[in-house]
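*Asks:* Below is protein_31.cif; it holds mmCIF, C-alpha atoms and all ligand atoms.
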data_model
loop_
_atom_site.group_PDB
_atom_site.id
_atom_site.type_symbol
_atom_site.label_atom_id
_atom_site.label_comp_id
_atom_site.auth_asym_id
_atom_site.auth_seq_id
_atom_site.Cartn_x
_atom_site.Cartn_y
_atom_site.Cartn_z
ATOM 1 C CA MET L 280 -74.661 57.062 88.170
ATOM 2 C CA LYS L 281 -71.880 59.457 87.081
ATOM 3 C CA THR L 282 -73.668 62.491 85.693
ATOM 4 C CA ALA L 283 -72.836 65.541 83.582
ATOM 5 C CA ILE L 284 -75.013 68.645 83.482
ATOM 6 C CA ILE L 285 -74.823 70.943 80.459
ATOM 7 C CA THR L 286 -76.787 74.202 80.277
ATOM 8 C CA GLY L 287 -77.595 75.767 76.918
ATOM 9 C CA ALA L 288 -77.289 72.293 75.389
ATOM 10 C CA SER L 289 -79.770 72.940 72.560
ATOM 11 C CA ALA L 290 -77.690 75.150 70.240
ATOM 12 C CA GLY L 291 -74.299 76.570 69.296
ATOM 13 C CA LEU L 292 -71.443 75.625 71.565
ATOM 14 C CA GLY L 293 -73.782 73.620 73.798
ATOM 15 C CA LEU L 294 -74.382 71.092 71.004
ATOM 16 C CA GLU L 295 -70.624 70.733 70.638
ATOM 17 C CA PHE L 296 -70.267 70.177 74.416
ATOM 18 C CA VAL L 297 -72.779 67.335 74.071
ATOM 19 C CA ALA L 298 -71.201 65.883 70.917
ATOM 20 C CA GLN L 299 -67.660 65.682 72.352
ATOM 21 C CA LEU L 300 -68.541 64.747 75.938
ATOM 22 C CA GLU L 301 -68.094 60.975 75.660
ATOM 23 C CA GLU L 302 -64.705 61.290 73.964
ATOM 24 C CA PHE L 303 -63.251 63.282 76.875
ATOM 25 C CA PHE L 304 -65.367 61.930 79.760
ATOM 26 C CA PRO L 305 -66.093 58.275 78.852
ATOM 27 C CA GLU L 306 -66.924 57.527 82.502
ATOM 28 C CA ILE L 307 -70.101 59.663 82.351
ATOM 29 C CA GLU L 308 -73.248 57.527 82.308
ATOM 30 C CA CYS L 309 -75.998 60.145 82.292
ATOM 31 C CA VAL L 310 -76.193 63.663 80.837
ATOM 32 C CA TRP L 311 -78.738 66.275 81.892
ATOM 33 C CA LEU L 312 -79.443 68.610 78.995
ATOM 34 C CA ILE L 313 -80.850 72.005 79.953
ATOM 35 C CA SER L 314 -82.380 74.820 77.903
ATOM 36 C CA ARG L 315 -85.880 76.146 77.147
ATOM 37 C CA SER L 316 -86.476 74.151 73.919
ATOM 38 C CA VAL L 317 -87.555 70.547 74.487
ATOM 39 C CA ASP L 318 -87.467 69.638 70.765
ATOM 40 C CA LYS L 319 -83.952 70.942 70.275
ATOM 41 C CA LEU L 320 -82.790 69.154 73.425
ATOM 42 C CA ALA L 321 -84.275 65.915 72.067
ATOM 43 C CA SER L 322 -82.153 66.369 68.919
ATOM 44 C CA ALA L 323 -79.087 67.139 71.046
ATOM 45 C CA ALA L 324 -79.688 63.911 73.005
ATOM 46 C CA LYS L 325 -79.194 61.937 69.762
ATOM 47 C CA LEU L 326 -75.553 63.085 69.719
ATOM 48 C CA LEU L 327 -74.840 60.800 72.692
ATOM 49 C CA LYS L 328 -73.694 57.289 71.809
ATOM 50 C CA LYS L 329 -73.781 55.405 75.128
ATOM 51 C CA ALA L 330 -74.648 57.808 77.917
ATOM 52 C CA GLU L 331 -78.283 58.200 78.888
ATOM 53 C CA ALA L 332 -79.822 61.640 78.221
ATOM 54 C CA LYS L 333 -82.175 63.383 80.594
ATOM 55 C CA ILE L 334 -83.971 66.338 79.053
ATOM 56 C CA VAL L 335 -84.556 69.093 81.602
ATOM 57 C CA PRO L 336 -86.465 71.995 80.035
ATOM 58 C CA LEU L 337 -85.889 75.106 82.120
ATOM 59 C CA ASP L 338 -85.969 78.838 81.567
ATOM 60 C CA LEU L 339 -82.887 79.722 83.561
ATOM 61 C CA CYS L 340 -83.953 83.384 83.745
ATOM 62 C CA SER L 341 -86.887 82.329 85.892
ATOM 63 C CA GLU L 342 -86.355 81.850 89.630
ATOM 64 C CA ALA L 343 -89.254 79.389 89.672
ATOM 65 C CA ASP L 344 -87.306 77.226 87.194
ATOM 66 C CA THR L 345 -84.035 77.337 89.144
ATOM 67 C CA ASP L 346 -86.134 76.286 92.164
ATOM 68 C CA LYS L 347 -87.390 73.354 90.030
ATOM 69 C CA PHE L 348 -83.766 72.414 89.337
ATOM 70 C CA GLU L 349 -83.020 72.474 93.074
ATOM 71 C CA ALA L 350 -86.026 70.249 93.779
ATOM 72 C CA LEU L 351 -84.946 67.822 91.034
ATOM 73 C CA LEU L 352 -81.473 67.465 92.537
ATOM 74 C CA LYS L 353 -82.933 66.900 96.006
ATOM 75 C CA GLU L 354 -85.132 64.157 94.569
ATOM 76 C CA GLU L 355 -82.611 62.413 92.293
ATOM 77 C CA LYS L 356 -79.366 63.076 94.200
ATOM 78 C CA PRO L 357 -77.139 62.665 91.111
ATOM 79 C CA GLU L 358 -73.386 62.085 91.417
ATOM 80 C CA ILE L 359 -72.260 65.058 89.339
ATOM 81 C CA SER L 360 -68.842 64.527 87.717
ATOM 82 C CA LEU L 361 -69.060 67.485 85.354
ATOM 83 C CA LEU L 362 -71.043 70.723 85.304
ATOM 84 C CA VAL L 363 -70.871 72.856 82.154
ATOM 85 C CA ASN L 364 -72.365 76.316 82.653
ATOM 86 C CA ASN L 365 -72.650 77.208 78.984
ATOM 87 C CA ALA L 366 -75.995 79.035 78.592
ATOM 88 C CA GLY L 367 -75.438 82.728 78.017
ATOM 89 C CA CYS L 368 -76.578 85.658 75.930
ATOM 90 C CA GLY L 369 -75.317 89.044 74.781
ATOM 91 C CA TYR L 370 -76.797 92.168 73.202
ATOM 92 C CA LEU L 371 -75.138 94.936 71.252
ATOM 93 C CA ALA L 372 -76.527 98.316 72.360
ATOM 94 C CA ASN L 373 -75.581 101.311 74.422
ATOM 95 C CA ILE L 374 -77.179 101.425 77.862
ATOM 96 C CA GLY L 375 -80.347 103.530 77.642
ATOM 97 C CA ASP L 376 -80.840 102.873 73.907
ATOM 98 C CA THR L 377 -82.839 99.674 74.470
ATOM 99 C CA ASP L 378 -85.475 98.381 76.850
ATOM 100 C CA TYR L 379 -83.789 97.884 80.230
ATOM 101 C CA LYS L 380 -85.020 94.278 80.165
ATOM 102 C CA VAL L 381 -82.713 93.534 77.224
ATOM 103 C CA GLN L 382 -79.791 94.604 79.399
ATOM 104 C CA THR L 383 -80.925 92.870 82.595
ATOM 105 C CA ARG L 384 -81.544 89.584 80.750
ATOM 106 C CA MET L 385 -77.733 89.260 80.456
ATOM 107 C CA VAL L 386 -77.455 89.722 84.214
ATOM 108 C CA ASP L 387 -80.242 87.180 84.801
ATOM 109 C CA LEU L 388 -78.784 84.467 82.552
ATOM 110 C CA ASN L 389 -75.013 85.048 82.577
ATOM 111 C CA ILE L 390 -74.746 85.917 86.269
ATOM 112 C CA ARG L 391 -77.818 84.943 88.325
ATOM 113 C CA ALA L 392 -78.578 81.637 86.609
ATOM 114 C CA LEU L 393 -74.925 80.541 86.451
ATOM 115 C CA THR L 394 -74.548 81.338 90.161
ATOM 116 C CA ALA L 395 -77.777 79.541 91.055
ATOM 117 C CA ILE L 396 -77.037 76.401 89.010
ATOM 118 C CA THR L 397 -73.544 76.203 90.497
ATOM 119 C CA ALA L 398 -74.622 76.820 94.096
ATOM 120 C CA ILE L 399 -77.393 74.225 93.806
ATOM 121 C CA SER L 400 -75.074 71.668 92.132
ATOM 122 C CA VAL L 401 -71.942 71.982 94.292
ATOM 123 C CA PRO L 402 -73.215 69.740 97.141
ATOM 124 C CA TYR L 403 -73.842 66.979 94.563
ATOM 125 C CA ILE L 404 -70.493 67.297 92.710
ATOM 126 C CA ILE L 405 -68.227 64.375 93.534
ATOM 127 C CA ASN L 406 -64.726 64.954 94.912
ATOM 128 C CA GLY L 407 -62.415 65.304 91.898
ATOM 129 C CA GLY L 408 -65.295 66.557 89.718
ATOM 130 C CA ARG L 409 -65.056 69.362 87.146
ATOM 131 C CA ILE L 410 -66.841 72.635 86.504
ATOM 132 C CA ILE L 411 -66.541 74.477 83.181
ATOM 133 C CA ASN L 412 -67.875 78.043 83.031
ATOM 134 C CA MET L 413 -68.276 79.706 79.635
ATOM 135 C CA SER L 414 -66.752 83.140 79.965
ATOM 136 C CA SER L 415 -65.403 85.176 77.041
ATOM 137 C CA ILE L 416 -62.571 87.405 75.871
ATOM 138 C CA ALA L 417 -65.085 90.124 76.804
ATOM 139 C CA SER L 418 -64.162 89.385 80.431
ATOM 140 C CA PHE L 419 -60.638 90.796 79.958
ATOM 141 C CA CYS L 420 -61.688 94.440 79.647
ATOM 142 C CA PRO L 421 -64.949 96.444 79.436
ATOM 143 C CA ASN L 422 -66.401 96.563 75.895
ATOM 144 C CA PRO L 423 -68.512 99.698 75.296
ATOM 145 C CA ARG L 424 -71.697 98.866 73.323
ATOM 146 C CA MET L 425 -71.577 95.466 75.086
ATOM 147 C CA THR L 426 -70.944 96.919 78.522
ATOM 148 C CA VAL L 427 -73.304 94.642 80.430
ATOM 149 C CA TYR L 428 -72.163 91.545 78.527
ATOM 150 C CA SER L 429 -68.469 92.221 79.182
ATOM 151 C CA ALA L 430 -69.151 93.023 82.855
ATOM 152 C CA SER L 431 -71.203 89.823 83.175
ATOM 153 C CA LYS L 432 -68.338 87.759 81.762
ATOM 154 C CA SER L 433 -65.837 89.491 84.097
ATOM 155 C CA TYR L 434 -68.103 88.204 86.861
ATOM 156 C CA VAL L 435 -67.983 84.672 85.393
ATOM 157 C CA SER L 436 -64.168 84.691 85.326
ATOM 158 C CA ALA L 437 -63.830 86.182 88.834
ATOM 159 C CA PHE L 438 -66.500 83.818 90.197
ATOM 160 C CA SER L 439 -64.650 80.844 88.676
ATOM 161 C CA ARG L 440 -61.356 81.855 90.328
ATOM 162 C CA GLY L 441 -62.905 82.271 93.779
ATOM 163 C CA LEU L 442 -64.931 79.078 93.499
ATOM 164 C CA GLU L 443 -61.859 77.100 92.437
ATOM 165 C CA GLU L 444 -60.129 78.125 95.673
ATOM 166 C CA GLU L 445 -63.202 77.233 97.760
ATOM 167 C CA LEU L 446 -63.425 73.788 96.146
ATOM 168 C CA LYS L 447 -59.697 72.906 96.357
ATOM 169 C CA PRO L 448 -60.155 70.745 99.494
ATOM 170 C CA ARG L 449 -62.579 68.585 97.460
ATOM 171 C CA LYS L 450 -60.235 68.560 94.413
ATOM 172 C CA ILE L 451 -63.000 69.946 92.201
ATOM 173 C CA SER L 452 -61.517 71.993 89.364
ATOM 174 C CA VAL L 453 -63.131 75.112 87.901
ATOM 175 C CA THR L 454 -62.177 76.218 84.391
ATOM 176 C CA ALA L 455 -63.251 79.560 82.899
ATOM 177 C CA VAL L 456 -63.278 79.326 79.103
ATOM 178 C CA CYS L 457 -62.525 82.688 77.472
ATOM 179 C CA SER L 458 -63.471 82.214 73.848
ATOM 180 C CA GLY L 459 -63.296 84.800 71.086
ATOM 181 C CA PRO L 460 -66.182 85.219 68.607
ATOM 182 C CA LEU L 461 -67.973 82.078 67.427
ATOM 183 C CA ASP L 462 -70.259 81.823 64.441
ATOM 184 C CA THR L 463 -73.411 80.722 66.304
ATOM 185 C CA GLU L 464 -76.999 82.001 66.768
ATOM 186 C CA PHE L 465 -75.572 84.137 69.558
ATOM 187 C CA LEU L 466 -74.480 86.711 66.931
ATOM 188 C CA ASP L 467 -78.030 86.961 65.493
ATOM 189 C CA ILE L 468 -79.704 87.170 68.892
ATOM 190 C CA ALA L 469 -77.157 89.809 69.962
ATOM 191 C CA GLY L 470 -77.755 91.874 66.788
ATOM 192 C CA ILE L 471 -74.033 91.788 66.044
ATOM 193 C CA ARG L 472 -73.934 90.506 62.446
ATOM 194 C CA GLY L 473 -72.990 93.374 60.133
ATOM 195 C CA GLN L 474 -73.361 95.889 62.985
ATOM 196 C CA SER L 475 -69.923 95.713 64.591
ATOM 197 C CA LYS L 476 -66.653 96.708 62.928
ATOM 198 C CA THR L 477 -64.784 94.941 65.733
ATOM 199 C CA PHE L 478 -66.505 91.613 65.018
ATOM 200 C CA ASP L 479 -65.870 92.162 61.283
ATOM 201 C CA VAL L 480 -62.093 92.206 61.854
ATOM 202 C CA LEU L 481 -61.565 89.865 64.815
ATOM 203 C CA PRO L 482 -60.417 86.299 64.086
ATOM 204 C CA PHE L 483 -63.169 83.789 64.868
ATOM 205 C CA CYS L 484 -62.804 80.684 67.033
ATOM 206 C CA ASN L 485 -63.925 77.264 65.846
ATOM 207 C CA PRO L 486 -66.629 75.779 68.170
ATOM 208 C CA LYS L 487 -65.145 72.250 67.842
ATOM 209 C CA ASN L 488 -61.705 73.476 68.931
ATOM 210 C CA VAL L 489 -63.117 75.636 71.742
ATOM 211 C CA VAL L 490 -64.939 72.642 73.229
ATOM 212 C CA SER L 491 -62.081 70.138 72.815
ATOM 213 C CA GLY L 492 -59.722 72.728 74.352
ATOM 214 C CA ALA L 493 -62.175 73.353 77.205
ATOM 215 C CA TYR L 494 -62.530 69.640 77.977
ATOM 216 C CA LYS L 495 -58.752 69.098 77.864
ATOM 217 C CA ALA L 496 -58.186 72.129 80.132
ATOM 218 C CA ALA L 497 -60.820 70.850 82.585
ATOM 219 C CA ARG L 498 -59.232 67.390 82.598
ATOM 220 C CA LYS L 499 -55.873 69.003 83.438
ATOM 221 C CA GLY L 500 -57.486 71.199 86.112
ATOM 222 C CA HIS L 501 -56.548 74.480 84.400
ATOM 223 C CA SER L 502 -58.165 77.628 85.820
ATOM 224 C CA VAL L 503 -58.509 79.477 82.517
ATOM 225 C CA HIS L 504 -58.602 78.354 78.903
ATOM 226 C CA THR L 505 -58.237 80.974 76.173
ATOM 227 C CA PRO L 506 -58.347 79.554 72.637
ATOM 228 C CA ARG L 507 -56.045 80.995 69.916
ATOM 229 C CA ALA L 508 -52.674 82.711 70.368
ATOM 230 C CA PHE L 509 -54.202 86.036 69.263
ATOM 231 C CA PHE L 510 -56.584 86.072 72.234
ATOM 232 C CA LYS L 511 -53.953 84.786 74.679
ATOM 233 C CA PHE L 512 -51.906 87.850 73.655
ATOM 234 C CA TYR L 513 -54.972 90.103 74.092
ATOM 235 C CA ARG L 514 -55.452 88.690 77.607
ATOM 236 C CA PHE L 515 -51.819 89.521 78.442
ATOM 237 C CA VAL L 516 -52.132 93.074 77.046
ATOM 238 C CA ALA L 517 -55.368 93.661 78.978
ATOM 239 C CA LYS L 518 -53.541 92.680 82.187
ATOM 240 C CA ILE L 519 -50.733 95.207 81.824
ATOM 241 C CA VAL L 520 -52.377 98.194 80.065
ATOM 242 C CA PRO L 521 -54.610 100.415 82.272
ATOM 243 C CA GLN L 522 -58.319 99.874 81.569
ATOM 244 C CA SER L 523 -58.809 103.638 81.091
ATOM 245 C CA LEU L 524 -56.618 103.321 77.982
ATOM 246 C CA MET L 525 -57.760 99.853 76.847
ATOM 247 C CA VAL L 526 -61.393 100.919 76.800
ATOM 248 C CA LYS L 527 -60.657 103.472 74.044
ATOM 249 C CA PHE L 528 -59.952 100.545 71.701
ATOM 250 C CA THR L 529 -62.327 97.846 72.896
ATOM 251 C CA LYS L 530 -65.675 99.238 71.695
ATOM 252 C CA THR L 531 -67.702 96.391 70.186
HETATM 253 N N1 LIG L 601 -70.919 83.128 70.162
HETATM 254 C C1 LIG L 601 -69.902 83.866 70.594
HETATM 255 O O1 LIG L 601 -69.357 84.716 69.838
HETATM 256 C C2 LIG L 601 -69.349 83.662 71.980
HETATM 257 C C3 LIG L 601 -68.054 84.100 72.263
HETATM 258 C C4 LIG L 601 -67.536 83.913 73.541
HETATM 259 C C5 LIG L 601 -68.302 83.304 74.530
HETATM 260 N N2 LIG L 601 -69.576 82.901 74.228
HETATM 261 C C6 LIG L 601 -70.358 82.288 75.304
HETATM 262 O O2 LIG L 601 -70.521 80.914 74.998
HETATM 263 C C7 LIG L 601 -71.758 80.424 75.538
HETATM 264 C C8 LIG L 601 -72.556 79.731 74.445
HETATM 265 O O3 LIG L 601 -72.822 80.672 73.418
HETATM 266 P P1 LIG L 601 -73.371 80.250 71.993
HETATM 267 O O4 LIG L 601 -72.635 81.072 71.004
HETATM 268 O O5 LIG L 601 -73.422 78.787 71.848
HETATM 269 O O6 LIG L 601 -74.868 80.853 72.108
HETATM 270 P P2 LIG L 601 -76.221 80.386 71.383
HETATM 271 O O7 LIG L 601 -75.939 79.696 70.112
HETATM 272 O O8 LIG L 601 -77.095 81.614 71.361
HETATM 273 O O9 LIG L 601 -76.834 79.320 72.421
HETATM 274 C C9 LIG L 601 -77.250 79.737 73.690
HETATM 275 C C10 LIG L 601 -77.796 78.550 74.470
HETATM 276 O O10 LIG L 601 -78.301 79.054 75.721
HETATM 277 C C11 LIG L 601 -79.658 78.629 75.874
HETATM 278 N N3 LIG L 601 -80.443 79.625 76.577
HETATM 279 C C12 LIG L 601 -80.646 80.922 76.225
HETATM 280 N N4 LIG L 601 -81.480 81.515 77.087
HETATM 281 C C13 LIG L 601 -81.820 80.565 78.013
HETATM 282 C C14 LIG L 601 -82.660 80.558 79.148
HETATM 283 N N5 LIG L 601 -83.337 81.652 79.537
HETATM 284 N N6 LIG L 601 -82.785 79.401 79.849
HETATM 285 C C15 LIG L 601 -82.120 78.284 79.469
HETATM 286 N N7 LIG L 601 -81.302 78.239 78.411
HETATM 287 C C16 LIG L 601 -81.153 79.363 77.680
HETATM 288 C C17 LIG L 601 -80.175 78.419 74.451
HETATM 289 O O11 LIG L 601 -81.210 77.467 74.428
HETATM 290 P P3 LIG L 601 -82.782 77.790 74.279
HETATM 291 O O12 LIG L 601 -82.945 78.919 73.324
HETATM 292 O O13 LIG L 601 -83.309 76.480 73.807
HETATM 293 O O14 LIG L 601 -83.247 78.110 75.669
HETATM 294 C C18 LIG L 601 -78.940 77.856 73.772
HETATM 295 O O15 LIG L 601 -78.873 76.473 74.013
HETATM 296 C C19 LIG L 601 -72.457 81.661 76.140
HETATM 297 O O16 LIG L 601 -72.225 81.698 77.527
HETATM 298 C C20 LIG L 601 -71.772 82.836 75.462
HETATM 299 O O17 LIG L 601 -71.806 83.997 76.246
HETATM 300 C C21 LIG L 601 -70.114 83.046 72.974
#
In structure tokens, what does this structure look like?
Ligand SMILES: NC(=O)c1ccc[n+]([C@@H]2O[C@H](COP(=O)([O-])OP(=O)(O)OC[C@H]3O[C@@H](n4cnc5c(N)ncnc54)[C@H](OP(=O)(O)O)[C@@H]3O)[C@@H](O)[C@H]2O)c1

*Replies:*
Amino acid sequence: MKTAIITGASAGLGLEFVAQLEEFFPEIECVWLISRSVDKLASAAKLLKKAEAKIVPLDLCSEADTDKFEALLKEEKPEISLLVNNAGCGYLANIGDTDYKVQTRMVDLNIRALTAITAISVPYIINGGRIINMSSIASFCPNPRMTVYSASKSYVSAFSRGLEEELKPRKISVTAVCSGPLDTEFLDIAGIRGQSKTFDVLPFCNPKNVVSGAYKAARKGHSVHTPRAFFKFYRFVAKIVPQSLMVKFTKT
């Protein structure tokens, strides 16, 4: 059975990844929906028209739960056509101003869990399959006040590039999606709403367009997808201007 796995499928962009999946990947027969909230995943499952949904409640910050995922794959041996590593979190705060656990949660979810889910899944991904990793414009340059978040997304982008090269012999593509701000629960959880002048002035991305762009980019085997011309330009600037200068202007 051709299978897709979507993490963070219960809210925000994850719901959009579920809703648009069948339009861009009509060959997928089964979709594994992962997050902590069973009820919300059950609602997300209703967005699928033909494909079968499998609800997999996991706390991806827990090693015991990523072990459960590994055991599930060993048992079910799915033919994975598409893996969407979408679950992620961010927090707005200077290092040392909050509980260290608030900062390390970003490392646990954005880095450790994404690495674990990918490493566990790769042996089950079919030749010619696709991986989509949700990165961010924050990956282009460090963002003071979201230092850990931006560093974690730099990891996601660098990890995607290296993995793509490793998986070339199997023709598995890896696409890092570098979205700008999105109006989702992420902003409330991160404590960003009304607290960041940068977010107040940045243009927002539309979740529907981010997901359709991500799916099209994955289909074409693109390494990076950056929605909106404004952020494509930012990516270019961040490549040529020294980070020591950029960082003066990139405070969140
Ligand atoms: N929003 C933005 O401005 C923005 C911009 C650029 C990139 N991104 C990236 O886009 C991705 C999606 O963001 P979003 O805006 O859709 O965020 P969101 O609305 O906060 O949704 C986050 C998703 O991750 C899941 N999740 C959180 N902690 C989890 C855990 N410990 N275990 C399993 N699942 C967990 C949540 O489900 P449960 O709560 O049910 O577990 C939810 O489904 C993230 O990687 C984010 O970094 C966001």

*Asks:* Ligand LIG 601 (chain L): which residues are within 7 Å, counting all atoms listed in the file, as JSON, numbers by chain?

*Replies:* {"L": [286, 287, 288, 289, 290, 291, 292, 293, 313, 314, 315, 316, 319, 337, 338, 339, 340, 365, 366, 367, 368, 369, 388, 389, 413, 414, 415, 416, 457, 458, 459, 460, 461, 462, 463, 464, 465, 466, 468]}

*Asks:* Compile the contact shell of range 511-527 of chain L as a compact mmCIF listing (two decimals) with C-alpha atoms, in the frame of the given file: residues with an atom at most 8 Å away, counting all atoms listed in the file, same-chain residues fewer than 2 positions apart removed.

*Replies:*
# COMPACT_ATOMS: atom_id res chain seq x y z
CA ILE L 416 -62.57 87.40 75.87
CA PHE L 419 -60.64 90.80 79.96
CA CYS L 420 -61.69 94.44 79.65
CA PRO L 421 -64.95 96.44 79.44
CA ASN L 422 -66.40 96.56 75.90
CA PRO L 423 -68.51 99.70 75.30
CA THR L 505 -58.24 80.97 76.17
CA PRO L 506 -58.35 79.55 72.64
CA ARG L 507 -56.04 81.00 69.92
CA ALA L 508 -52.67 82.71 70.37
CA PHE L 509 -54.20 86.04 69.26
CA THR L 529 -62.33 97.85 72.90
CA LYS L 530 -65.68 99.24 71.69

*Asks:* Could you list, with a cut-off of 12 Å and counting only C-alpha atoms, the residues of range 321-406 of chain L near range 438-443 of chain L, each shown with its nearest atom pair and the distance in Å rounded to one decimal, rows sorted by chain and ascending number, as a tab-separated table?

*Replies:*
residue	atom	partner	partner_atom	distance
L:Asn364	CA	L:Ser439	CA	10.8
L:Asn389	CA	L:Phe438	CA	11.5
L:Ile390	CA	L:Phe438	CA	9.4
L:Arg391	CA	L:Phe438	CA	11.5
L:Leu393	CA	L:Phe438	CA	9.8
L:Thr394	CA	L:Phe438	CA	8.4
L:Thr397	CA	L:Leu442	CA	9.6
L:Ala398	CA	L:Leu442	CA	10.0
L:Val401	CA	L:Leu442	CA	10.0

*Asks:* Just to confirm, what's the straight-line distance from CA of Thr454 in chain L to CA of Val435 in chain L in Å (one decimal)?

*Replies:* 10.3 Å

*Asks:* Quick check on the file I pasted: which residues fall under the PyMOL selection byres (((chain L and resi 451-453) around 10) and not hetatm)? Write them as a PyMOL selection string.

*Replies:* chain L and resi 360-363+401+404-412+436+438-450+454-456+496-503

*Asks:* So the first atom is CA of Thr377 in chain L and the second is CA of Thr345 in chain L; what is the distance between them in Å, to one decimal place?

*Replies:*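 About the pair CA of Thr377 in chain L and CA of Thr345 in chain L: they are 26.8 Å apart.
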
*Asks:* Using only C-alpha atoms, which of L:Cys484, L:Ile334, L:Tyr428, L:Glu301 sits nearest Ile374 in chain L?

*Replies:* L:Tyr428

*Asks:* For CA of Ala469 in chain L and CA of Pro482 in chain L, determine how far apart the two atoms are, in Å to one decimal place.

*Replies:*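 Spanning CA of Ala469 in chain L to CA of Pro482 in chain L is a straight-line distance of 18.1 Å.
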
*Asks:* Just checking: using all atoms listed in the file, which residue out of L:Ile399, L:Cys309, L:Val427, L:Leu320 ends up closest to Asp387 in chain L?

*Replies:*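 Between L:Ile399, L:Cys309, L:Val427, L:Leu320, the residue approaching Asp387 in chain L most closely is L:Val427.
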
*Asks:* Give me the result of the PyMOL selection byres (((chain L and resi 477) around 9) and not hetatm) on this file, residue by residue, as a list in words.

*Replies:*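 When the PyMOL selection byres (((chain L and resi 477) around 9) and not hetatm) is applied, the selected residues are Ser475, Lys476, Phe478, Asp479, Val480, Leu481, Thr529, Lys530 and Thr531 of chain L.
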
*Asks:* Using all atoms listed in the file, pick whichever of L:Ile307, L:Lys281, L:Thr426, L:Pro357 has the shortest atom-to-atom distance to Gly375 in chain L.

*Replies:*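 Using all atoms listed in the file, Gly375 in chain L sits closest to L:Thr426.
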
*Asks:* Given all atoms listed in the file as the basis, pick out the residue of L:Tyr370, L:Phe483, L:Phe348, L:Tyr403 nearest to Ser429 in chain L.

*Replies:*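 Nearest to Ser429 in chain L: L:Tyr370.
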
*Asks:* Pick the closest to Asp344 in chain L from L:Ala392, L:Leu371, L:Val386, L:Ala330: which is it, counting all atoms listed in the file?

*Replies:*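 For Asp344 in chain L, the nearest of the given residues is L:Ala392.
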
*Asks:* Please give the centre and size of the box around range 468-481 of chain L (axis-aligned, containing every atom listed in the file, 6 Å added per side), with values in Å to one decimal and written as JSON.

*Replies:*
{"center_x": -70.6, "center_y": 91.9, "center_z": 65.0, "size_x": 30.1, "size_y": 21.5, "size_z": 21.8}

*Asks:* Using all atoms listed in the file, collect all residues at a distance of at most 10 Å from (-68.6, 58.1, 78.7) as written in the file, then present them as a PyMOL selection string.

*Replies:* chain L and resi 281-283+299-310+327-331

*Asks:* Compare L:Leu294, L:Leu352, L:Ile359, L:Met385 by their minimum atom-to-atom distance to Ala324 in chain L, counting all atoms listed in the file, and give me the closest one.

*Replies:*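 Smallest distance to Ala324 in chain L is found for L:Leu294.
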